[in-house]
>>> print(open('query.cif').read())   # mmCIF, N, CA and C atoms
data_run
#
loop_
_atom_site.label_atom_id
_atom_site.label_comp_id
_atom_site.auth_asym_id
_atom_site.auth_seq_id
_atom_site.Cartn_x
_atom_site.Cartn_y
_atom_site.Cartn_z
N MET A 295 10.97 -30.73 6.93
CA MET A 295 9.84 -31.63 7.02
C MET A 295 8.86 -31.10 8.07
N GLU A 296 7.62 -31.31 7.82
CA GLU A 296 6.57 -30.87 8.74
C GLU A 296 6.67 -31.62 10.07
N GLU A 297 6.45 -30.91 11.17
CA GLU A 297 6.42 -31.53 12.49
C GLU A 297 5.04 -32.14 12.71
N PHE A 298 5.00 -33.32 13.29
CA PHE A 298 3.74 -33.99 13.56
C PHE A 298 3.54 -34.04 15.06
N SER A 299 2.33 -33.80 15.47
CA SER A 299 2.06 -33.82 16.91
C SER A 299 1.05 -34.91 17.22
N GLY A 300 1.03 -35.31 18.47
CA GLY A 300 0.09 -36.34 18.88
C GLY A 300 0.55 -37.72 18.46
N GLU A 301 -0.10 -38.71 19.00
CA GLU A 301 0.21 -40.09 18.68
C GLU A 301 -0.81 -40.62 17.69
N PRO A 302 -0.37 -41.42 16.72
CA PRO A 302 -1.31 -42.01 15.78
C PRO A 302 -2.17 -43.06 16.47
N HIS A 303 -3.30 -43.35 15.88
CA HIS A 303 -4.14 -44.42 16.38
C HIS A 303 -3.45 -45.75 16.10
N PRO A 304 -3.73 -46.79 16.91
CA PRO A 304 -3.11 -48.10 16.67
C PRO A 304 -3.31 -48.53 15.22
N GLY A 305 -2.23 -49.01 14.63
CA GLY A 305 -2.28 -49.48 13.25
C GLY A 305 -2.00 -48.41 12.22
N GLU A 306 -2.12 -47.14 12.58
CA GLU A 306 -1.83 -46.06 11.63
C GLU A 306 -0.32 -45.85 11.54
N PRO A 307 0.15 -45.41 10.38
CA PRO A 307 1.59 -45.14 10.25
C PRO A 307 2.03 -44.04 11.21
N VAL A 308 3.26 -44.15 11.67
CA VAL A 308 3.86 -43.14 12.54
C VAL A 308 4.73 -42.26 11.67
N ARG A 309 4.45 -40.96 11.67
CA ARG A 309 5.23 -40.00 10.90
C ARG A 309 5.73 -38.92 11.85
N ARG A 310 7.05 -38.81 11.91
CA ARG A 310 7.67 -37.77 12.72
C ARG A 310 8.80 -37.15 11.91
N SER A 311 9.13 -35.93 12.23
CA SER A 311 10.28 -35.30 11.59
C SER A 311 11.56 -35.90 12.18
N GLU A 312 12.66 -35.75 11.48
CA GLU A 312 13.93 -36.26 12.01
C GLU A 312 14.27 -35.54 13.32
N ARG A 313 13.90 -34.30 13.43
CA ARG A 313 14.12 -33.57 14.69
C ARG A 313 13.36 -34.23 15.84
N GLN A 314 12.13 -34.63 15.60
CA GLN A 314 11.34 -35.31 16.63
C GLN A 314 11.96 -36.67 16.98
N TRP A 315 12.39 -37.44 15.95
CA TRP A 315 13.03 -38.73 16.23
C TRP A 315 14.28 -38.52 17.09
N ARG A 316 15.09 -37.54 16.75
CA ARG A 316 16.32 -37.27 17.52
C ARG A 316 16.02 -36.94 18.98
N ALA A 317 14.93 -36.20 19.19
CA ALA A 317 14.57 -35.80 20.55
C ALA A 317 14.07 -36.98 21.38
N MET A 318 13.48 -37.97 20.76
CA MET A 318 12.88 -39.07 21.53
C MET A 318 13.76 -40.31 21.63
N LEU A 319 14.80 -40.42 20.79
CA LEU A 319 15.65 -41.60 20.80
C LEU A 319 17.04 -41.26 21.33
N GLU A 320 17.64 -42.22 22.00
CA GLU A 320 19.04 -42.09 22.43
C GLU A 320 19.91 -42.09 21.17
N PRO A 321 21.14 -41.55 21.25
CA PRO A 321 21.99 -41.47 20.05
C PRO A 321 22.19 -42.80 19.32
N GLU A 322 22.47 -43.89 20.03
CA GLU A 322 22.66 -45.18 19.37
C GLU A 322 21.35 -45.68 18.75
N GLU A 323 20.25 -45.47 19.44
CA GLU A 323 18.94 -45.85 18.89
C GLU A 323 18.67 -45.08 17.61
N TYR A 324 18.93 -43.79 17.62
CA TYR A 324 18.71 -42.96 16.43
C TYR A 324 19.60 -43.44 15.28
N ALA A 325 20.86 -43.70 15.56
CA ALA A 325 21.78 -44.14 14.52
C ALA A 325 21.30 -45.43 13.86
N VAL A 326 20.84 -46.37 14.64
CA VAL A 326 20.38 -47.65 14.07
C VAL A 326 19.02 -47.48 13.42
N LEU A 327 18.05 -46.97 14.15
CA LEU A 327 16.67 -46.92 13.67
C LEU A 327 16.45 -45.94 12.51
N ARG A 328 17.11 -44.80 12.54
CA ARG A 328 16.84 -43.76 11.54
C ARG A 328 17.94 -43.61 10.49
N GLU A 329 19.17 -44.09 10.81
CA GLU A 329 20.28 -43.94 9.86
C GLU A 329 20.82 -45.29 9.38
N ALA A 330 20.15 -46.38 9.76
CA ALA A 330 20.51 -47.74 9.32
C ALA A 330 21.91 -48.18 9.75
N ALA A 331 22.36 -47.70 10.90
CA ALA A 331 23.62 -48.17 11.45
C ALA A 331 23.41 -49.58 12.02
N THR A 332 24.49 -50.21 12.45
CA THR A 332 24.42 -51.54 13.05
C THR A 332 25.14 -51.51 14.39
N GLU A 333 24.49 -52.06 15.41
CA GLU A 333 25.18 -52.14 16.70
C GLU A 333 26.27 -53.20 16.62
N ARG A 334 27.27 -53.08 17.46
CA ARG A 334 28.37 -54.05 17.47
C ARG A 334 27.83 -55.43 17.85
N PRO A 335 28.35 -56.49 17.24
CA PRO A 335 27.87 -57.84 17.57
C PRO A 335 28.15 -58.19 19.03
N TRP A 336 27.28 -58.99 19.58
CA TRP A 336 27.36 -59.53 20.96
C TRP A 336 27.21 -58.47 22.04
N THR A 337 26.81 -57.25 21.69
CA THR A 337 26.65 -56.20 22.69
C THR A 337 25.19 -55.93 23.02
N GLY A 338 24.27 -56.44 22.23
CA GLY A 338 22.86 -56.12 22.39
C GLY A 338 22.19 -56.83 23.55
N GLU A 339 21.22 -56.17 24.10
CA GLU A 339 20.47 -56.65 25.26
C GLU A 339 19.76 -57.98 25.00
N TYR A 340 19.33 -58.25 23.78
CA TYR A 340 18.50 -59.43 23.50
C TYR A 340 19.21 -60.53 22.74
N VAL A 341 20.52 -60.46 22.58
CA VAL A 341 21.24 -61.48 21.81
C VAL A 341 20.97 -62.88 22.35
N SER A 342 21.12 -63.06 23.64
CA SER A 342 21.02 -64.41 24.21
C SER A 342 19.80 -64.63 25.09
N THR A 343 18.93 -63.66 25.20
CA THR A 343 17.78 -63.82 26.09
C THR A 343 16.83 -64.91 25.59
N THR A 344 16.26 -65.62 26.54
CA THR A 344 15.25 -66.64 26.22
C THR A 344 13.91 -66.29 26.87
N THR A 345 13.77 -65.05 27.30
CA THR A 345 12.55 -64.58 27.93
C THR A 345 11.38 -64.68 26.95
N THR A 346 10.24 -65.16 27.43
CA THR A 346 9.06 -65.29 26.60
C THR A 346 8.31 -63.96 26.53
N GLY A 347 7.96 -63.56 25.32
CA GLY A 347 7.21 -62.32 25.17
C GLY A 347 7.15 -61.84 23.74
N VAL A 348 6.84 -60.56 23.60
CA VAL A 348 6.66 -59.91 22.30
C VAL A 348 7.75 -58.86 22.12
N TYR A 349 8.42 -58.91 20.98
CA TYR A 349 9.43 -57.91 20.63
C TYR A 349 8.75 -56.82 19.82
N ARG A 350 8.92 -55.57 20.27
CA ARG A 350 8.30 -54.42 19.62
C ARG A 350 9.36 -53.46 19.10
N CYS A 351 8.95 -52.64 18.16
CA CYS A 351 9.83 -51.59 17.63
C CYS A 351 10.08 -50.56 18.73
N ARG A 352 11.34 -50.28 18.99
CA ARG A 352 11.68 -49.31 20.03
C ARG A 352 11.20 -47.91 19.66
N ALA A 353 11.10 -47.61 18.39
CA ALA A 353 10.69 -46.27 17.96
C ALA A 353 9.20 -46.02 18.08
N CYS A 354 8.37 -47.05 17.82
CA CYS A 354 6.92 -46.80 17.78
C CYS A 354 6.08 -47.81 18.55
N GLY A 355 6.67 -48.88 19.07
CA GLY A 355 5.91 -49.86 19.85
C GLY A 355 5.18 -50.91 19.04
N HIS A 356 5.34 -50.90 17.73
CA HIS A 356 4.65 -51.86 16.85
C HIS A 356 5.17 -53.28 17.11
N GLU A 357 4.26 -54.25 17.21
CA GLU A 357 4.68 -55.65 17.40
C GLU A 357 5.38 -56.14 16.14
N LEU A 358 6.58 -56.71 16.34
CA LEU A 358 7.39 -57.18 15.23
C LEU A 358 7.60 -58.69 15.25
N PHE A 359 8.04 -59.22 16.40
CA PHE A 359 8.39 -60.63 16.51
C PHE A 359 7.90 -61.17 17.85
N ARG A 360 7.78 -62.48 17.92
CA ARG A 360 7.45 -63.15 19.19
C ARG A 360 8.61 -64.06 19.55
N SER A 361 8.77 -64.30 20.84
CA SER A 361 9.90 -65.11 21.29
C SER A 361 9.86 -66.53 20.74
N GLN A 362 8.68 -67.03 20.38
CA GLN A 362 8.58 -68.38 19.83
C GLN A 362 9.32 -68.50 18.50
N GLU A 363 9.51 -67.39 17.80
CA GLU A 363 10.21 -67.41 16.51
C GLU A 363 11.68 -67.01 16.63
N LYS A 364 12.15 -66.79 17.85
CA LYS A 364 13.56 -66.43 18.07
C LYS A 364 14.37 -67.72 18.16
N PHE A 365 15.56 -67.70 17.58
CA PHE A 365 16.43 -68.87 17.67
C PHE A 365 17.88 -68.44 17.79
N GLU A 366 18.70 -69.34 18.25
CA GLU A 366 20.12 -69.05 18.47
C GLU A 366 20.88 -69.32 17.17
N SER A 367 21.35 -68.27 16.55
CA SER A 367 22.09 -68.41 15.29
C SER A 367 23.59 -68.22 15.47
N HIS A 368 24.00 -67.76 16.65
CA HIS A 368 25.42 -67.52 16.96
C HIS A 368 26.04 -66.47 16.04
N CYS A 369 25.23 -65.47 15.64
CA CYS A 369 25.74 -64.44 14.73
C CYS A 369 26.06 -63.14 15.45
N GLY A 370 25.65 -63.00 16.72
CA GLY A 370 25.95 -61.77 17.46
C GLY A 370 24.79 -60.80 17.59
N TRP A 371 23.67 -61.12 16.94
CA TRP A 371 22.46 -60.30 17.02
C TRP A 371 21.27 -61.23 17.23
N PRO A 372 20.19 -60.73 17.80
CA PRO A 372 18.99 -61.57 17.94
C PRO A 372 18.51 -62.03 16.56
N SER A 373 18.12 -63.29 16.46
CA SER A 373 17.67 -63.86 15.20
C SER A 373 16.28 -64.44 15.35
N PHE A 374 15.46 -64.21 14.35
CA PHE A 374 14.09 -64.72 14.31
C PHE A 374 13.88 -65.36 12.95
N TYR A 375 13.04 -66.39 12.88
CA TYR A 375 12.80 -67.01 11.58
C TYR A 375 11.56 -66.48 10.88
N ASP A 376 10.76 -65.66 11.56
CA ASP A 376 9.57 -65.10 10.95
C ASP A 376 9.06 -63.93 11.81
N PRO A 377 8.49 -62.90 11.19
CA PRO A 377 7.84 -61.84 11.98
C PRO A 377 6.55 -62.38 12.61
N SER A 378 6.04 -61.67 13.60
CA SER A 378 4.81 -62.12 14.26
C SER A 378 3.62 -62.07 13.32
N ASP A 379 3.68 -61.20 12.33
CA ASP A 379 2.62 -61.06 11.32
C ASP A 379 3.32 -60.69 10.02
N SER A 380 2.82 -61.17 8.91
CA SER A 380 3.49 -60.91 7.64
C SER A 380 3.53 -59.42 7.29
N SER A 381 2.64 -58.63 7.87
CA SER A 381 2.64 -57.20 7.58
C SER A 381 3.35 -56.37 8.65
N ALA A 382 4.04 -57.01 9.59
CA ALA A 382 4.72 -56.29 10.67
C ALA A 382 5.97 -55.56 10.19
N VAL A 383 6.62 -56.11 9.16
CA VAL A 383 7.85 -55.52 8.65
C VAL A 383 7.74 -55.35 7.13
N THR A 384 8.58 -54.48 6.60
CA THR A 384 8.71 -54.36 5.16
C THR A 384 10.15 -54.69 4.78
N LEU A 385 10.34 -55.19 3.58
CA LEU A 385 11.65 -55.61 3.10
C LEU A 385 12.08 -54.71 1.94
N HIS A 386 13.38 -54.33 1.94
CA HIS A 386 13.90 -53.39 0.96
C HIS A 386 15.29 -53.83 0.51
N GLU A 387 15.57 -53.71 -0.78
CA GLU A 387 16.90 -54.03 -1.27
C GLU A 387 17.91 -53.04 -0.71
N ASP A 388 19.02 -53.55 -0.22
CA ASP A 388 20.09 -52.74 0.36
C ASP A 388 21.38 -53.09 -0.39
N THR A 389 21.93 -52.13 -1.12
CA THR A 389 23.15 -52.38 -1.88
C THR A 389 24.37 -51.70 -1.26
N SER A 390 24.26 -51.32 0.01
CA SER A 390 25.41 -50.71 0.68
C SER A 390 26.47 -51.77 0.97
N LEU A 391 27.63 -51.35 1.30
CA LEU A 391 28.76 -52.21 1.65
C LEU A 391 29.20 -53.12 0.51
N GLY A 392 28.87 -52.75 -0.73
CA GLY A 392 29.34 -53.51 -1.88
C GLY A 392 28.68 -54.86 -2.10
N MET A 393 27.52 -55.06 -1.49
CA MET A 393 26.80 -56.33 -1.66
C MET A 393 25.30 -56.04 -1.67
N THR A 394 24.53 -57.03 -2.09
CA THR A 394 23.07 -56.88 -2.06
C THR A 394 22.52 -57.70 -0.91
N ARG A 395 21.81 -56.99 -0.03
CA ARG A 395 21.16 -57.64 1.11
C ARG A 395 19.71 -57.18 1.14
N THR A 396 18.93 -57.79 2.04
CA THR A 396 17.54 -57.38 2.21
C THR A 396 17.38 -56.73 3.56
N GLU A 397 17.11 -55.43 3.55
CA GLU A 397 16.92 -54.66 4.77
C GLU A 397 15.52 -54.92 5.32
N VAL A 398 15.41 -54.96 6.65
CA VAL A 398 14.13 -55.13 7.34
C VAL A 398 13.80 -53.81 8.04
N ARG A 399 12.60 -53.30 7.78
CA ARG A 399 12.13 -52.07 8.43
C ARG A 399 10.79 -52.31 9.11
N CYS A 400 10.51 -51.52 10.13
CA CYS A 400 9.22 -51.54 10.79
C CYS A 400 8.17 -51.03 9.80
N ALA A 401 7.09 -51.77 9.65
CA ALA A 401 6.04 -51.38 8.71
C ALA A 401 5.27 -50.16 9.19
N ARG A 402 5.31 -49.87 10.47
CA ARG A 402 4.52 -48.76 11.02
C ARG A 402 5.27 -47.42 10.97
N CYS A 403 6.57 -47.43 11.28
CA CYS A 403 7.30 -46.15 11.33
C CYS A 403 8.48 -46.09 10.38
N ASP A 404 8.72 -47.15 9.62
CA ASP A 404 9.77 -47.20 8.61
C ASP A 404 11.17 -47.14 9.21
N SER A 405 11.31 -47.54 10.47
CA SER A 405 12.63 -47.55 11.09
C SER A 405 13.41 -48.80 10.68
N HIS A 406 14.72 -48.64 10.52
CA HIS A 406 15.62 -49.75 10.19
C HIS A 406 15.72 -50.68 11.40
N LEU A 407 15.58 -51.98 11.15
CA LEU A 407 15.67 -52.99 12.21
C LEU A 407 16.90 -53.87 12.05
N GLY A 408 17.23 -54.22 10.82
CA GLY A 408 18.35 -55.12 10.54
C GLY A 408 18.21 -55.65 9.13
N HIS A 409 18.58 -56.93 8.93
CA HIS A 409 18.52 -57.56 7.61
C HIS A 409 17.97 -58.98 7.74
N VAL A 410 17.47 -59.50 6.64
CA VAL A 410 17.02 -60.90 6.60
C VAL A 410 17.88 -61.63 5.58
N PHE A 411 18.25 -62.86 5.94
CA PHE A 411 19.08 -63.71 5.08
C PHE A 411 18.37 -65.03 4.88
N TYR A 412 18.54 -65.60 3.69
CA TYR A 412 17.86 -66.86 3.35
C TYR A 412 18.90 -67.91 2.94
N GLY A 413 18.51 -69.17 3.08
CA GLY A 413 19.33 -70.26 2.56
C GLY A 413 20.60 -70.53 3.32
N GLU A 414 20.63 -70.23 4.61
CA GLU A 414 21.85 -70.44 5.39
C GLU A 414 21.88 -71.82 6.07
N GLY A 415 20.80 -72.57 5.94
CA GLY A 415 20.79 -73.93 6.47
C GLY A 415 20.38 -74.08 7.92
N TYR A 416 19.84 -73.04 8.53
CA TYR A 416 19.36 -73.18 9.91
C TYR A 416 18.11 -74.08 9.91
N PRO A 417 17.96 -74.89 10.93
CA PRO A 417 16.79 -75.79 10.99
C PRO A 417 15.54 -75.07 11.49
N THR A 418 15.06 -74.12 10.70
CA THR A 418 13.86 -73.36 11.04
C THR A 418 12.80 -73.60 9.98
N PRO A 419 11.55 -73.35 10.29
CA PRO A 419 10.47 -73.60 9.32
C PRO A 419 10.52 -72.75 8.06
N THR A 420 11.20 -71.60 8.09
CA THR A 420 11.14 -70.68 6.95
C THR A 420 12.44 -70.56 6.16
N ASP A 421 13.54 -71.11 6.66
CA ASP A 421 14.85 -70.96 6.04
C ASP A 421 15.27 -69.49 5.98
N ALA A 422 14.73 -68.68 6.89
CA ALA A 422 15.08 -67.26 6.95
C ALA A 422 15.70 -66.94 8.31
N ARG A 423 16.62 -65.98 8.30
CA ARG A 423 17.19 -65.46 9.55
C ARG A 423 17.03 -63.96 9.53
N TYR A 424 16.08 -63.46 10.31
CA TYR A 424 15.91 -62.03 10.51
C TYR A 424 16.92 -61.62 11.57
N CYS A 425 17.98 -60.98 11.15
CA CYS A 425 19.08 -60.57 12.02
C CYS A 425 18.79 -59.12 12.44
N ILE A 426 18.36 -58.95 13.68
CA ILE A 426 17.79 -57.68 14.12
C ILE A 426 18.64 -57.05 15.23
N ASN A 427 18.88 -55.76 15.14
CA ASN A 427 19.62 -55.05 16.18
C ASN A 427 18.81 -55.00 17.47
N SER A 428 19.42 -55.39 18.58
CA SER A 428 18.73 -55.32 19.88
C SER A 428 18.23 -53.92 20.18
N VAL A 429 19.04 -52.92 19.85
CA VAL A 429 18.70 -51.54 20.17
C VAL A 429 17.44 -51.08 19.42
N ALA A 430 17.04 -51.80 18.39
CA ALA A 430 15.84 -51.47 17.64
C ALA A 430 14.58 -52.07 18.27
N LEU A 431 14.77 -52.86 19.33
CA LEU A 431 13.66 -53.61 19.93
C LEU A 431 13.43 -53.25 21.39
N THR A 432 12.22 -53.53 21.84
CA THR A 432 11.92 -53.64 23.26
C THR A 432 11.25 -54.99 23.43
N LEU A 433 11.33 -55.56 24.61
CA LEU A 433 10.71 -56.86 24.88
C LEU A 433 9.63 -56.69 25.93
N GLU A 434 8.41 -56.99 25.54
CA GLU A 434 7.28 -57.01 26.46
C GLU A 434 7.13 -58.44 26.93
N THR A 435 7.46 -58.70 28.20
CA THR A 435 7.45 -60.07 28.69
C THR A 435 6.05 -60.66 28.72
N GLU A 436 6.00 -61.99 28.70
CA GLU A 436 4.71 -62.69 28.62
C GLU A 436 3.76 -62.28 29.74
N ASP A 437 4.27 -62.12 30.97
CA ASP A 437 3.39 -61.74 32.07
C ASP A 437 2.79 -60.33 31.86
N ALA A 438 3.52 -59.47 31.14
CA ALA A 438 3.00 -58.14 30.84
C ALA A 438 1.99 -58.19 29.70
N VAL A 439 2.13 -59.18 28.80
CA VAL A 439 1.25 -59.33 27.64
C VAL A 439 -0.09 -59.91 28.07
N SER A 440 -0.07 -60.82 29.04
CA SER A 440 -1.29 -61.51 29.47
C SER A 440 -2.32 -60.59 30.06
#
>>> encode(input="query.cif", output="structure tokens")
Amino acid sequence: MEEFSGEPHPGEPVRRSERQWRAMLEPEEYAVLREAATERPWTGEYVSTTTTGVYRCRACGHELFRSQEKFESHCGWPSFYDPSDSSAVTLHEDTSLGMTRTEVRCARCDSHLGHVFYGEGYPTPTDARYCINSVALTLETEDAVS
């Protein structure tokens, strides 16, 4: 794959070679973001945090979720009921592990974030649970956003 240099302008897709992704991400980050691995439940930095702010893609910095949409689902990973913007993520059918799920990826760099589940009965406005790996996120706190 062709190597890409420089940073894209805000809003433009991020395209890097796998070699570039490997060089910029820690091994666990690479495994989750680029190879669709899953971090172990209850080990992630943002599972239980209630800090107010914006959750961004660890690979490219794209805004994905806001803390106002985060809720406690007791599943072992951070859960959100909606992305910060409908175009922040893309959804893809995932038939791995012998079942059909909906994979969630960053719309800007196509990195794997986690999965979304519907109809589980959580008292949220969307009836959706975006189950996202902490290692796929960074949290920009409200005071840094202001």
>>> select_by_dssp(input="query.cif", residues="region 302-436 of chain A", states="helix (DSSP H, G or I)", output="PyMOL selection string")
chain A and resi 312-318+321-329+361-363+390-392+428-430+436
>>> closest_residue(input="query.cif", among="A:Tyr424, A:Leu327, A:Pro419, A:Thr394", to="Ala353 (chain A)", atoms="all atoms listed in the file")
A:Leu327
>>> atom_distance(input="query.cif", atom1="CA of Gly408 (chain A)", atom2="CA of Val308 (chain A)")
18.9 Å
>>> closest_residue(input="query.cif", among="A:Tyr349, A:Arg316, A:Arg309, A:Cys369", to="Glu414 (chain A)", atoms="only C-alpha atoms")
A:Cys369
>>> atom_distance(input="query.cif", atom1="CA of Glu339 (chain A)", atom2="atom C of Pro417 (chain A)")
23.5 Å
>>> atom_distance(input="query.cif", atom1="atom N of Ser378 (chain A)", atom2="atom C of Arg313 (chain A)")
28.5 Å
>>> resolve_selection(input="query.cif", expression="the PyMOL selection byres ((chain A and resi 379) around 8)", output="PyMOL selection string")
chain A and resi 357-360+376-378+380-383
>>> closest_residue(input="query.cif", among="A:Glu322, A:Val410, A:Glu306, A:Thr343", to="Arg395 (chain A)", atoms="only N, CA and C atoms")
A:Val410
>>> closest_residue(input="query.cif", among="A:Glu333, A:Asp421, A:Glu323, A:Asp388", to="Gly370 (chain A)", atoms="all atoms listed in the file")
A:Glu333
>>> closest_residue(input="query.cif", among="A:Ser405, A:Glu434, A:Tyr412, A:Arg423", to="Arg328 (chain A)", atoms="only N, CA and C atoms")
A:Ser405
>>> axis_aligned_box(input="query.cif", around="region 345-351 of chain A", padding_each_side="4 Å", output="lines of an AutoDock Vina configuration file")
center_x = 10.2
center_y = -57.9
center_z = 22.8
size_x = 15.1
size_y = 22.7
size_z = 18.3
>>> closest_residue(input="query.cif", among="A:Leu433, A:Arg334, A:Pro307, A:Glu366", to="Asp404 (chain A)", atoms="all atoms listed in the file")
A:Pro307
>>> select_by_dssp(input="query.cif", residues="chain A", states="strand (DSSP E or B)", output="MDAnalysis selection string")
chainID A and resid 347:351 357:360 364:365 373:374 383:388 395:400 406:412 422:426 431:435
>>> resolve_selection(input="query.cif", expression="the PyMOL selection byres ((chain A and resi 429) around 6.5)", output="PDB file with N, CA and C atoms, in the frame of the given file")
ATOM      1  N   GLU A 323      20.250 -45.470  19.440  1.00  0.00           N
ATOM      2  CA  GLU A 323      18.940 -45.850  18.890  1.00  0.00           C
ATOM      3  C   GLU A 323      18.670 -45.080  17.610  1.00  0.00           C
ATOM      4  N   GLY A 338      24.270 -56.440  22.230  1.00  0.00           N
ATOM      5  CA  GLY A 338      22.860 -56.120  22.390  1.00  0.00           C
ATOM      6  C   GLY A 338      22.190 -56.830  23.550  1.00  0.00           C
ATOM      7  N   GLU A 339      21.220 -56.170  24.100  1.00  0.00           N
ATOM      8  CA  GLU A 339      20.470 -56.650  25.260  1.00  0.00           C
ATOM      9  C   GLU A 339      19.760 -57.980  25.000  1.00  0.00           C
ATOM     10  N   ARG A 352      11.340 -50.280  18.990  1.00  0.00           N
ATOM     11  CA  ARG A 352      11.680 -49.310  20.030  1.00  0.00           C
ATOM     12  C   ARG A 352      11.200 -47.910  19.660  1.00  0.00           C
ATOM     13  N   ILE A 426      18.360 -58.950  13.680  1.00  0.00           N
ATOM     14  CA  ILE A 426      17.790 -57.680  14.120  1.00  0.00           C
ATOM     15  C   ILE A 426      18.640 -57.050  15.230  1.00  0.00           C
ATOM     16  N   ASN A 427      18.880 -55.760  15.140  1.00  0.00           N
ATOM     17  CA  ASN A 427      19.620 -55.050  16.180  1.00  0.00           C
ATOM     18  C   ASN A 427      18.810 -55.000  17.470  1.00  0.00           C
ATOM     19  N   SER A 428      19.420 -55.390  18.580  1.00  0.00           N
ATOM     20  CA  SER A 428      18.730 -55.320  19.880  1.00  0.00           C
ATOM     21  C   SER A 428      18.230 -53.920  20.180  1.00  0.00           C
ATOM     22  N   ALA A 430      17.040 -51.800  18.390  1.00  0.00           N
ATOM     23  CA  ALA A 430      15.840 -51.470  17.640  1.00  0.00           C
ATOM     24  C   ALA A 430      14.580 -52.070  18.270  1.00  0.00           C
ATOM     25  N   LEU A 431      14.770 -52.860  19.330  1.00  0.00           N
ATOM     26  CA  LEU A 431      13.660 -53.610  19.930  1.00  0.00           C
ATOM     27  C   LEU A 431      13.430 -53.250  21.390  1.00  0.00           C
ATOM     28  N   THR A 432      12.220 -53.530  21.840  1.00  0.00           N
ATOM     29  CA  THR A 432      11.920 -53.640  23.260  1.00  0.00           C
ATOM     30  C   THR A 432      11.250 -54.990  23.430  1.00  0.00           C
TER      31      THR A 432
END
>>> residues_near_point(input="query.cif", point="(5.9, -65.9, 27.9)", cutoff="5 Å", atoms="all atoms listed in the file", output="PyMOL selection string")
chain A and resi 346-347+436
>>> residues_around(input="query.cif", residues="Ser373 (chain A)", least_positions_apart="2", cutoff="6 Å", atoms="all atoms listed in the file", output="list in words")
Glu363, Lys364, Phe365, Ser367, Trp371, Tyr375, Arg423, Tyr424, Cys425 and Ile426 of chain A
